[in-house]
$ cat input03.csv   # CSV, C-alpha atoms
chain,number,residue,atom,x,y,z
A,1,MET,CA,-17.1,-22.0,3.5
A,2,ALA,CA,-17.2,-19.7,6.6
A,3,VAL,CA,-14.6,-19.5,9.3
A,4,ILE,CA,-16.2,-19.1,12.7
A,5,LYS,CA,-14.0,-17.1,15.2
A,6,VAL,CA,-13.9,-17.9,18.9
A,7,GLY,CA,-12.6,-15.2,21.2
A,8,ILE,CA,-10.9,-15.4,24.6
A,9,ALA,CA,-13.1,-17.2,27.2
A,10,ASP,CA,-15.6,-18.0,24.5
A,11,SER,CA,-16.9,-21.0,22.6
A,12,ASN,CA,-18.8,-21.8,19.4
A,13,ILE,CA,-19.7,-24.6,17.1
A,14,CYS,CA,-19.8,-25.1,13.3
A,15,LYS,CA,-21.0,-27.6,10.8
A,16,ALA,CA,-19.5,-28.8,7.5
A,17,PRO,CA,-18.2,-27.2,5.3
A,18,ASP,CA,-17.3,-24.4,7.8
A,19,SER,CA,-14.2,-24.3,10.0
A,20,ILE,CA,-13.7,-22.8,13.5
A,21,THR,CA,-10.7,-20.9,14.7
A,22,THR,CA,-9.2,-19.1,17.7
A,23,LEU,CA,-6.2,-16.8,17.4
A,24,GLY,CA,-3.2,-16.2,19.6
A,25,LEU,CA,-3.5,-18.9,22.2
A,26,GLY,CA,-0.8,-18.5,24.9
A,27,SER,CA,-1.3,-20.2,28.2
A,28,CYS,CA,-5.0,-20.6,27.2
A,29,VAL,CA,-6.1,-23.9,25.8
A,30,GLY,CA,-8.1,-24.3,22.6
A,31,LEU,CA,-10.1,-27.5,23.1
A,32,THR,CA,-12.1,-28.9,20.2
A,33,LEU,CA,-14.8,-31.6,20.0
A,34,TYR,CA,-15.8,-33.3,16.8
A,35,ASP,CA,-18.6,-35.7,15.8
A,36,GLU,CA,-17.3,-37.2,12.5
A,37,SER,CA,-20.6,-38.9,11.6
A,38,ASN,CA,-22.6,-35.6,11.7
A,39,LYS,CA,-19.6,-33.4,10.8
A,40,ILE,CA,-20.2,-31.0,13.7
A,41,ALA,CA,-17.3,-29.3,15.4
A,42,GLY,CA,-17.1,-27.2,18.5
A,43,MET,CA,-14.3,-25.2,20.1
A,44,VAL,CA,-13.8,-23.6,23.5
A,45,HIS,CA,-11.0,-21.1,24.4
A,46,VAL,CA,-10.3,-21.9,28.0
A,47,MET,CA,-8.4,-19.3,30.1
A,48,LEU,CA,-8.3,-20.7,33.6
A,49,PRO,CA,-8.5,-24.3,35.0
A,50,SER,CA,-11.3,-24.1,37.4
A,51,SER,CA,-14.3,-21.9,38.2
A,52,GLU,CA,-13.4,-22.4,41.9
A,53,VAL,CA,-11.1,-19.4,41.5
A,54,ALA,CA,-13.8,-17.2,40.2
A,55,ARG,CA,-14.6,-14.3,42.5
A,56,LYS,CA,-18.1,-13.8,41.4
A,57,GLY,CA,-21.1,-16.1,40.9
A,58,ASP,CA,-21.9,-15.2,37.4
A,59,PHE,CA,-19.2,-15.7,34.8
A,60,LYS,CA,-18.7,-16.9,31.3
A,61,LYS,CA,-18.7,-20.7,31.4
A,62,ALA,CA,-16.2,-20.9,28.5
A,63,LYS,CA,-13.6,-19.1,30.6
A,64,PHE,CA,-12.9,-22.2,32.8
A,65,ALA,CA,-12.1,-25.7,31.8
A,66,ASN,CA,-14.5,-27.4,34.3
A,67,THR,CA,-17.5,-25.4,33.1
A,68,GLY,CA,-16.5,-24.6,29.5
A,69,VAL,CA,-16.0,-28.2,28.3
A,70,PRO,CA,-19.4,-29.5,29.6
A,71,GLU,CA,-21.1,-26.4,28.1
A,72,LEU,CA,-19.5,-27.1,24.7
A,73,VAL,CA,-20.8,-30.7,24.9
A,74,ASP,CA,-24.3,-29.4,25.5
A,75,MET,CA,-24.0,-26.9,22.7
A,76,LEU,CA,-23.0,-29.7,20.3
A,77,ILE,CA,-25.8,-32.1,21.4
A,78,LYS,CA,-28.3,-29.3,20.9
A,79,ALA,CA,-27.0,-28.8,17.4
A,80,GLY,CA,-27.5,-32.5,16.6
A,81,ALA,CA,-24.2,-34.1,17.5
A,82,ASN,CA,-24.1,-37.6,18.9
A,83,ARG,CA,-22.7,-37.5,22.4
A,84,SER,CA,-21.0,-40.9,22.2
A,85,ARG,CA,-19.2,-40.0,19.0
A,86,LEU,CA,-17.5,-36.9,20.3
A,87,LYS,CA,-13.7,-36.9,20.0
A,88,ALA,CA,-11.4,-34.2,21.4
A,89,LYS,CA,-8.2,-32.5,20.3
A,90,MET,CA,-6.5,-29.6,21.9
A,91,ALA,CA,-3.6,-27.1,21.6
A,92,GLY,CA,-2.1,-24.3,23.7
A,93,GLY,CA,-1.2,-24.3,27.3
A,94,ALA,CA,2.2,-22.7,26.7
A,95,GLN,CA,4.3,-20.8,29.2
A,96,MET,CA,4.9,-17.5,27.4
A,97,PHE,CA,7.2,-15.9,30.0
A,98,SER,CA,9.8,-17.5,32.1
A,99,PHE,CA,9.9,-16.1,35.6
A,100,GLU,CA,12.4,-16.5,38.3
A,101,GLY,CA,11.0,-16.7,41.7
A,102,LYS,CA,7.6,-18.2,42.4
A,103,MET,CA,4.4,-17.0,41.1
A,104,ASP,CA,0.9,-18.5,41.3
A,105,THR,CA,0.2,-18.2,37.6
A,106,LEU,CA,3.6,-19.6,36.6
A,107,SER,CA,2.4,-23.0,35.4
A,108,ILE,CA,-1.1,-21.8,34.4
A,109,GLY,CA,-0.7,-23.2,30.9
A,110,ALA,CA,0.2,-26.6,32.2
A,111,ARG,CA,-2.7,-26.4,34.7
A,112,ASN,CA,-5.1,-25.5,32.0
A,113,VAL,CA,-4.1,-28.6,30.0
A,114,GLU,CA,-4.4,-30.8,33.0
A,115,ALA,CA,-7.8,-29.4,33.9
A,116,CYS,CA,-9.1,-30.0,30.3
A,117,LYS,CA,-7.8,-33.6,30.4
A,118,ALA,CA,-9.5,-34.2,33.7
A,119,GLU,CA,-12.8,-32.8,32.4
A,120,LEU,CA,-12.6,-35.0,29.2
A,121,MET,CA,-11.9,-38.0,31.4
A,122,LYS,CA,-14.9,-37.2,33.6
A,123,LEU,CA,-17.1,-36.8,30.5
A,124,ARG,CA,-15.6,-40.0,29.0
A,125,ILE,CA,-14.6,-38.2,25.8
A,126,PRO,CA,-11.4,-39.6,24.2
A,127,LEU,CA,-8.5,-37.2,23.5
A,128,LEU,CA,-7.2,-38.1,20.0
A,129,ALA,CA,-4.3,-35.6,19.8
A,130,GLU,CA,-2.8,-32.6,21.4
A,131,ASP,CA,-0.1,-30.0,20.7
A,132,THR,CA,0.4,-28.4,24.1
A,133,GLY,CA,3.1,-26.8,26.2
A,134,GLY,CA,6.2,-25.0,24.9
A,135,ASN,CA,6.8,-21.3,25.1
A,136,TYR,CA,5.1,-20.0,22.0
A,137,GLY,CA,1.7,-18.7,20.9
A,138,ARG,CA,-0.6,-20.7,18.6
A,139,THR,CA,-3.4,-20.1,16.3
A,140,ILE,CA,-5.6,-23.1,15.6
A,141,GLU,CA,-8.3,-24.0,13.1
A,142,LEU,CA,-10.6,-27.1,13.1
A,143,PHE,CA,-12.0,-28.2,9.8
A,144,SER,CA,-15.5,-29.7,10.3
A,145,GLN,CA,-15.3,-31.6,7.0
A,146,THR,CA,-12.4,-33.8,8.2
A,147,GLY,CA,-11.9,-33.1,11.9
A,148,MET,CA,-8.4,-32.1,11.2
A,149,LEU,CA,-6.9,-29.5,13.6
A,150,GLU,CA,-4.3,-27.1,12.1
A,151,ILE,CA,-1.8,-25.3,14.3
A,152,ARG,CA,0.1,-22.2,13.2
A,153,ALA,CA,2.9,-20.6,15.2
A,154,VAL,CA,5.4,-17.8,14.6
A,155,SER,CA,8.4,-19.1,12.5
A,156,LYS,CA,7.3,-22.7,12.9
A,157,PRO,CA,6.0,-25.0,10.2
A,158,VAL,CA,2.2,-25.5,10.1
A,159,LYS,CA,1.2,-28.6,12.1
A,160,GLN,CA,-1.8,-30.8,11.5
A,161,ILE,CA,-3.2,-33.2,14.1
B,1,MET,CA,-17.0,0.0,42.5
B,2,ASN,CA,-18.3,-3.5,42.1
B,3,ASP,CA,-17.5,-3.8,38.5
B,4,LEU,CA,-14.5,-2.4,36.6
B,5,LYS,CA,-16.6,-1.3,33.7
B,6,ASP,CA,-18.7,0.9,36.1
B,7,MET,CA,-15.7,2.9,37.3
B,8,ASN,CA,-16.6,6.6,37.1
B,9,ALA,CA,-15.0,9.2,34.9
B,10,PHE,CA,-13.2,10.9,37.8
B,11,HIS,CA,-11.5,7.7,38.8
B,12,LEU,CA,-10.5,7.0,35.2
B,13,ASP,CA,-8.9,10.5,35.2
B,14,VAL,CA,-7.0,9.6,38.4
B,15,LEU,CA,-5.6,6.5,36.7
B,16,ARG,CA,-4.7,8.5,33.6
B,17,GLU,CA,-2.7,10.9,35.8
B,18,ILE,CA,-0.9,8.0,37.5
B,19,SER,CA,0.0,6.6,34.1
B,20,ASN,CA,1.2,10.0,32.9
B,21,ILE,CA,3.5,10.4,35.9
B,22,GLY,CA,4.8,6.8,35.6
B,23,ALA,CA,5.4,7.1,31.9
B,24,GLY,CA,7.0,10.5,32.2
B,25,ASN,CA,9.6,9.0,34.5
B,26,ALA,CA,10.0,6.0,32.2
B,27,ALA,CA,10.5,8.2,29.2
B,28,THR,CA,13.1,10.2,31.0
B,29,ALA,CA,15.0,7.0,31.9
B,30,LEU,CA,14.8,5.7,28.3
B,31,SER,CA,16.0,9.1,27.0
B,32,THR,CA,19.0,8.9,29.2
B,33,LEU,CA,19.8,5.4,28.0
B,34,LEU,CA,19.4,6.2,24.4
B,35,GLN,CA,20.8,9.7,24.6
B,36,LYS,CA,17.8,10.7,22.5
B,37,LYS,CA,14.7,12.7,22.9
B,38,VAL,CA,11.8,10.4,24.1
B,39,ASP,CA,8.3,11.8,24.0
B,40,MET,CA,5.2,10.5,25.6
B,41,LYS,CA,1.6,10.8,24.6
B,42,VAL,CA,-1.2,11.5,27.1
B,43,SER,CA,-2.1,8.1,28.5
B,44,ARG,CA,-5.3,6.4,27.6
B,45,VAL,CA,-7.4,4.7,30.2
B,46,ILE,CA,-10.2,2.6,28.7
B,47,PRO,CA,-12.4,-0.1,30.2
B,48,MET,CA,-12.4,-3.0,27.7
B,49,GLN,CA,-13.6,-6.5,27.2
B,50,PHE,CA,-10.8,-9.0,26.8
B,51,ASN,CA,-11.5,-9.5,23.1
B,52,GLU,CA,-11.3,-5.8,22.5
B,53,ILE,CA,-7.8,-5.7,24.1
B,54,THR,CA,-6.3,-7.9,21.5
B,55,GLU,CA,-7.9,-5.8,18.8
B,56,TYR,CA,-6.4,-2.7,20.5
B,57,VAL,CA,-2.9,-4.1,20.0
B,58,GLY,CA,-3.5,-4.8,16.3
B,59,GLY,CA,-5.1,-8.2,16.5
B,60,ALA,CA,-4.3,-11.4,18.4
B,61,GLU,CA,-1.8,-12.6,15.8
B,62,ASN,CA,0.1,-9.3,15.5
B,63,ILE,CA,3.7,-10.1,16.3
B,64,VAL,CA,5.1,-7.9,19.1
B,65,ALA,CA,7.9,-7.9,21.6
B,66,SER,CA,6.7,-7.8,25.1
B,67,VAL,CA,8.4,-7.5,28.5
B,68,PHE,CA,6.3,-8.7,31.3
B,69,SER,CA,6.7,-7.8,35.0
B,70,ARG,CA,4.6,-8.9,37.8
B,71,ILE,CA,4.0,-6.2,40.5
B,72,GLU,CA,3.6,-7.2,44.1
B,73,GLY,CA,3.5,-5.3,47.3
B,74,ASP,CA,0.8,-2.9,48.6
B,75,ILE,CA,-0.9,-3.3,45.3
B,76,SER,CA,-0.5,-6.1,42.7
B,77,GLY,CA,-0.9,-6.3,39.0
B,78,ASN,CA,0.9,-6.8,35.7
B,79,MET,CA,3.0,-4.5,33.6
B,80,LEU,CA,3.8,-5.1,30.0
B,81,PHE,CA,6.0,-3.1,27.7
B,82,VAL,CA,4.8,-3.9,24.2
B,83,ILE,CA,6.5,-2.8,21.1
B,84,GLY,CA,5.9,-3.8,17.4
B,85,GLU,CA,8.5,-6.2,16.0
B,86,GLU,CA,10.1,-3.7,13.6
B,87,ASN,CA,10.1,-0.9,16.2
B,88,ALA,CA,11.8,-3.3,18.6
B,89,LYS,CA,14.5,-4.0,16.1
B,90,GLY,CA,15.0,-0.3,15.4
B,91,LEU,CA,15.2,0.5,19.1
B,92,VAL,CA,17.9,-2.1,19.6
B,93,ASP,CA,19.8,-0.9,16.6
B,94,ASN,CA,19.6,2.7,17.9
B,95,LEU,CA,21.0,1.6,21.2
B,96,THR,CA,23.7,-0.7,20.1
B,97,GLY,CA,24.7,1.2,17.0
B,98,THR,CA,24.2,-1.9,14.9
B,99,ASP,CA,22.3,-2.3,11.7
B,100,GLY,CA,20.2,-5.4,12.4
B,101,ASP,CA,19.8,-8.0,9.8
B,102,GLY,CA,16.2,-8.6,10.6
B,103,GLN,CA,16.6,-11.2,13.2
B,104,PHE,CA,16.6,-10.9,17.0
B,105,SER,CA,20.0,-11.9,18.2
B,106,ASP,CA,20.5,-13.0,21.8
B,107,MET,CA,22.2,-9.7,22.4
B,108,ALA,CA,19.2,-7.8,20.9
B,109,LEU,CA,16.8,-9.8,23.1
B,110,SER,CA,18.8,-9.0,26.2
B,111,VAL,CA,18.9,-5.3,25.3
B,112,LEU,CA,15.1,-5.3,24.9
B,113,GLN,CA,14.7,-7.0,28.2
B,114,GLU,CA,16.8,-4.4,29.8
B,115,ILE,CA,14.9,-1.6,28.2
B,116,GLY,CA,11.7,-3.2,29.5
B,117,ASN,CA,13.3,-3.6,32.9
B,118,ILE,CA,14.3,0.1,33.0
B,119,LEU,CA,10.9,1.3,31.9
B,120,ALA,CA,9.0,-0.8,34.4
B,121,GLY,CA,11.3,0.1,37.2
B,122,SER,CA,11.2,3.9,36.5
B,123,TYR,CA,7.4,3.8,36.0
B,124,LEU,CA,6.8,2.0,39.3
B,125,THR,CA,9.3,4.2,41.2
B,126,ALA,CA,7.2,7.2,40.2
B,127,LEU,CA,4.0,5.3,41.1
B,128,ALA,CA,5.4,4.3,44.5
B,129,ASP,CA,6.6,7.9,45.2
B,130,PHE,CA,3.2,9.3,44.3
B,131,THR,CA,1.1,6.9,46.3
B,132,GLY,CA,3.4,5.9,49.1
B,133,PHE,CA,3.1,2.3,48.2
B,134,GLU,CA,5.8,-0.3,48.7
B,135,LEU,CA,6.1,-2.1,45.4
B,136,GLN,CA,8.4,-4.8,44.1
B,137,THR,CA,8.6,-6.3,40.6
B,138,SER,CA,9.5,-9.8,39.4
B,139,VAL,CA,12.5,-10.2,37.2
B,140,PRO,CA,11.0,-9.1,33.9
B,141,SER,CA,10.6,-11.7,31.2
B,142,LEU,CA,10.7,-11.1,27.4
B,143,ALA,CA,8.9,-12.9,24.6
B,144,VAL,CA,8.5,-12.1,20.9
B,145,ASP,CA,5.3,-13.7,19.7
B,146,MET,CA,1.6,-13.2,18.9
B,147,ALA,CA,0.1,-10.3,20.9
B,148,GLY,CA,-2.9,-12.3,22.0
B,149,ALA,CA,-0.8,-15.1,23.5
B,150,MET,CA,1.1,-12.7,25.7
B,151,LEU,CA,-1.7,-10.3,26.7
B,152,SER,CA,-4.0,-13.1,27.7
B,153,PHE,CA,-1.4,-14.1,30.2
B,154,GLY,CA,-1.5,-10.5,31.6
B,155,LEU,CA,-5.2,-10.8,31.9
B,156,MET,CA,-5.3,-14.0,33.9
B,157,GLU,CA,-5.7,-12.6,37.3
B,158,ILE,CA,-8.3,-10.1,36.1
B,159,GLY,CA,-10.1,-13.0,34.5
B,160,ARG,CA,-11.0,-14.5,37.8
B,161,SER,CA,-13.3,-11.7,38.6
B,162,GLY,CA,-14.8,-10.6,35.3
B,163,ASP,CA,-14.5,-10.2,31.6
B,164,TRP,CA,-13.5,-6.5,31.7
B,165,ALA,CA,-10.1,-4.9,32.3
B,166,ILE,CA,-9.1,-1.3,32.7
B,167,MET,CA,-6.4,-0.8,30.0
B,168,ILE,CA,-4.0,1.9,31.3
B,169,ASP,CA,-1.9,2.6,28.2
B,170,ALA,CA,1.0,5.0,28.0
B,171,GLU,CA,2.7,5.4,24.7
B,172,ILE,CA,6.2,6.6,24.4
B,173,HIS,CA,8.2,7.2,21.3
B,174,THR,CA,11.7,8.2,20.3
B,175,GLU,CA,12.3,11.0,17.9
B,176,GLU,CA,13.7,9.9,14.6
B,177,GLU,CA,16.6,11.9,13.0
B,178,SER,CA,15.8,13.2,9.6
B,179,GLY,CA,17.2,11.4,6.7
B,180,THR,CA,16.6,7.8,7.9
B,181,ASP,CA,14.3,5.6,6.0
B,182,ASP,CA,13.0,3.7,9.0
B,183,SER,CA,9.6,5.3,8.9
B,184,ALA,CA,8.8,3.7,5.6
B,185,VAL,CA,9.7,0.3,7.1
B,186,ASP,CA,7.5,1.0,10.1
B,187,LYS,CA,4.6,1.9,8.1
B,188,GLU,CA,4.8,-1.1,5.9
B,189,ILE,CA,5.3,-3.7,8.4
B,190,ASN,CA,3.3,-2.5,11.4
B,191,LYS,CA,-0.3,-2.5,10.5
B,192,GLY,CA,-1.5,-2.7,14.0
B,193,GLU,CA,-3.6,0.3,14.3
B,194,ASN,CA,-2.7,1.5,17.7
B,195,MET,CA,0.6,-0.3,18.0
B,196,ASP,CA,2.6,1.7,15.6
B,197,LYS,CA,0.7,4.8,14.7
B,198,GLY,CA,2.6,7.6,13.1
B,199,GLY,CA,5.5,5.8,11.6
B,200,LYS,CA,8.0,8.3,12.9
B,201,GLY,CA,10.6,7.1,15.4
B,202,LYS,CA,10.1,4.1,17.5
B,203,SER,CA,7.0,3.9,19.7
B,204,GLY,CA,6.1,1.4,22.3
B,205,HIS,CA,3.4,1.1,24.9
B,206,ILE,CA,3.5,0.6,28.6
B,207,PHE,CA,0.4,-1.2,29.8
B,208,LEU,CA,-0.5,-1.3,33.5
B,209,LEU,CA,-3.1,-4.0,34.4
B,210,PRO,CA,-3.7,-3.7,38.1
B,211,ASP,CA,-5.5,-6.7,39.8
B,212,PRO,CA,-9.1,-5.8,40.4
B,213,GLU,CA,-8.8,-5.3,44.2
B,214,SER,CA,-5.9,-2.9,43.7
B,215,PHE,CA,-8.0,-0.1,42.2
B,216,GLU,CA,-9.7,0.6,45.5
B,217,LYS,CA,-6.4,0.7,47.3
B,218,ILE,CA,-5.0,3.2,44.8
B,219,PHE,CA,-7.9,5.5,45.3
B,220,ILE,CA,-7.8,5.2,49.1
B,221,ALA,CA,-4.1,5.9,49.1
B,222,LEU,CA,-4.7,9.1,47.1
B,223,GLY,CA,-7.7,10.0,49.2
B,224,VAL,CA,-10.1,10.0,46.3
B,225,HIS,CA,-12.1,6.8,46.9
B,226,ARG,CA,-15.2,8.6,47.8
B,227,TYR,CA,-15.2,11.0,44.9
B,228,GLY,CA,-18.0,10.6,42.3
B,229,SER,CA,-20.7,8.1,42.6
B,230,ASN,CA,-21.5,4.8,41.0
$ encode --input "input03.csv" --output "C-alpha cells"
Amino acid sequence: MAVIKVGIADSNICKAPDSITTLGLGSCVGLTLYDESNKIAGMVHVMLPSSEVARKGDFKKAKFANTGVPELVDMLIKAGANRSRLKAKMAGGAQMFSFEGKMDTLSIGARNVEACKAELMKLRIPLLAEDTGGNYGRTIELFSQTGMLEIRAVSKPVKQI
Amino acid sequence: MNDLKDMNAFHLDVLREISNIGAGNAATALSTLLQKKVDMKVSRVIPMQFNEITEYVGGAENIVASVFSRIEGDISGNMLFVIGEENAKGLVDNLTGTDGDGQFSDMALSVLQEIGNILAGSYLTALADFTGFELQTSVPSLAVDMAGAMLSFGLMEIGRSGDWAIMIDAEIHTEEESGTDDSAVDKEINKGENMDKGGKGKSGHIFLLPDPESFEKIFIALGVHRYGSN
C-alpha cells in the first residue's frame, strides 16, 4: 500500500489499496472526493477561495477552491471514476492566529470552507462529513479501500469521518 | 522583476543585508531582555516553492512555536518568529528562571508572545530606519502547532501571485552556559534540519515574507532597483 502525498496548492488521486494524504493543513482546506464503487479517491489542498484574487493569468488550479475542485473531478473521471457516485469530505479551514484589528486574511480559513462548499453545491456533489474550523493544524489521510478520512492534530485524539 | 524566482543575485544580496540589519537589532533587544549573549548567523535569502518552505522548517508536521505579525505601511508583508518546541520551552525557562515541566503554561505562552513582539518590533525599527519607510505591525499572535499549518498562513498573500516566495531567514541563538544538559534534549527532540541545528543554546528564526509588490518598493527606496538585469 502506497501513501500518495499532496503538497500545498496541489492535488492528486489514488486507487485501492493506496491512501492519499496532506500534512499540516492550517487555514487551507483538504477536500477529498471518493467513488466507492470504483474505489478511487482524490484530494486537493486548497489555499485560497477564489481564482478571482489571482494576480496572474497562469496559476496552479489546485490553489483555489473554484478551480481546484472541478479539476479534481476531471482527474477522477479520467482515472475511471463515476461522476455521479462522487462523494466529498473535507477538513481544515482553521484560524491559526487570532488578530486584533481587521485584516483581510483574518477569516481566510472560513472563507476557504465556504468556497469549497459552494463549489460542491455547483457540481452537485454531496458533502458527507467535515472537520473544519477551530484554531489548530490538521494532517489528513483518505483510505481508498473504505473512503474513511482520518484526521490527526497535535495533542488531540485521532478522528475518523 | 516579473517573477520572484527570477530576482537577480544583487537584489538577493540587498535583501540579505536588510535581514542582517534587522536581525542584528532584534538580537541586541533579546540579549538585553535575557541578559545573555545572543548571536546571529548571516541571513539566508532563498527563493523557494511553497512546498520547499515546509521542508525547510523540518517538515509540515514539525511542531514549532510561531509568533506572527502582519506588517502594514509603505510596504506590507508577514513576519514570523519560529522556534522549535523544545527551544521555546528552554527560552521561557531561561527568562523566567523556572524549570518547565514540559507543558506550555499560560505564562510561558505570553512570555513567548512578548519575545516575538520584541523581536519583530526591533527588526522592523531597524528596517524602517534603514529604508525610511513608515511601518506598523499588527498585535502579534502566537500559536504552537504544525509548522505547515502556520507557514501556509504566512504565504497566503504571496500565493495570489505565484507559487514562489523569497524566504528571508535570520537565525539567532542564545549562548548556553556550560554544564547544562539542554543540548542533549535539543538534539533528541528537534529533528528539523534547519530549525534546530547545532544543539547548543536556543535558536530561533525570524522569517520576513514581504508581499510581492513590496520588493520593488524596497529596492526603489534604497536606490538599487535598476541594478543588475533580469
$ atom_distance --input "input03.csv" --atom1 "CA of Ile206 (chain B)" --atom2 "CA of Gly92 (chain A)"
26.0 Å
$ residues_around --input "input03.csv" --residues "region 9-12 of chain A" --least-positions-apart "4" --cutoff "6 Å" --atoms "all atoms listed in the file" --output "MDAnalysis selection string"
chainID A and resid 42:47 62:63
$ atom_distance --input "input03.csv" --atom1 "CA of Cys28 (chain A)" --atom2 "CA of Ala79 (chain A)"
25.4 Å
$ interface_residues --input "input03.csv" --of "chain A" --to "chain B" --cutoff "6 Å" --atoms "only C-alpha atoms" --output "number ranges by chain"
A: 23-26, 54-56, 97-98, 137
$ atom_distance --input "input03.csv" --atom1 "CA of Ile71 (chain B)" --atom2 "CA of Thr96 (chain B)"
28.9 Å
$ residues_around --input "input03.csv" --residues "region 112-129 of chain A" --least-positions-apart "2" --cutoff "8 Å" --atoms "all atoms listed in the file" --output "VMD selection string"
chain A and resid 27 to 29 31 46 to 50 65 to 66 69 to 70 84 86 to 90 92 to 93 108 to 110 131 to 132 161
$ closest_residue --input "input03.csv" --among "B:Glu171, B:Asp39, B:Asp93, B:Glu55" --to "Phe207 (chain B)" --atoms "only C-alpha atoms"
B:Glu171
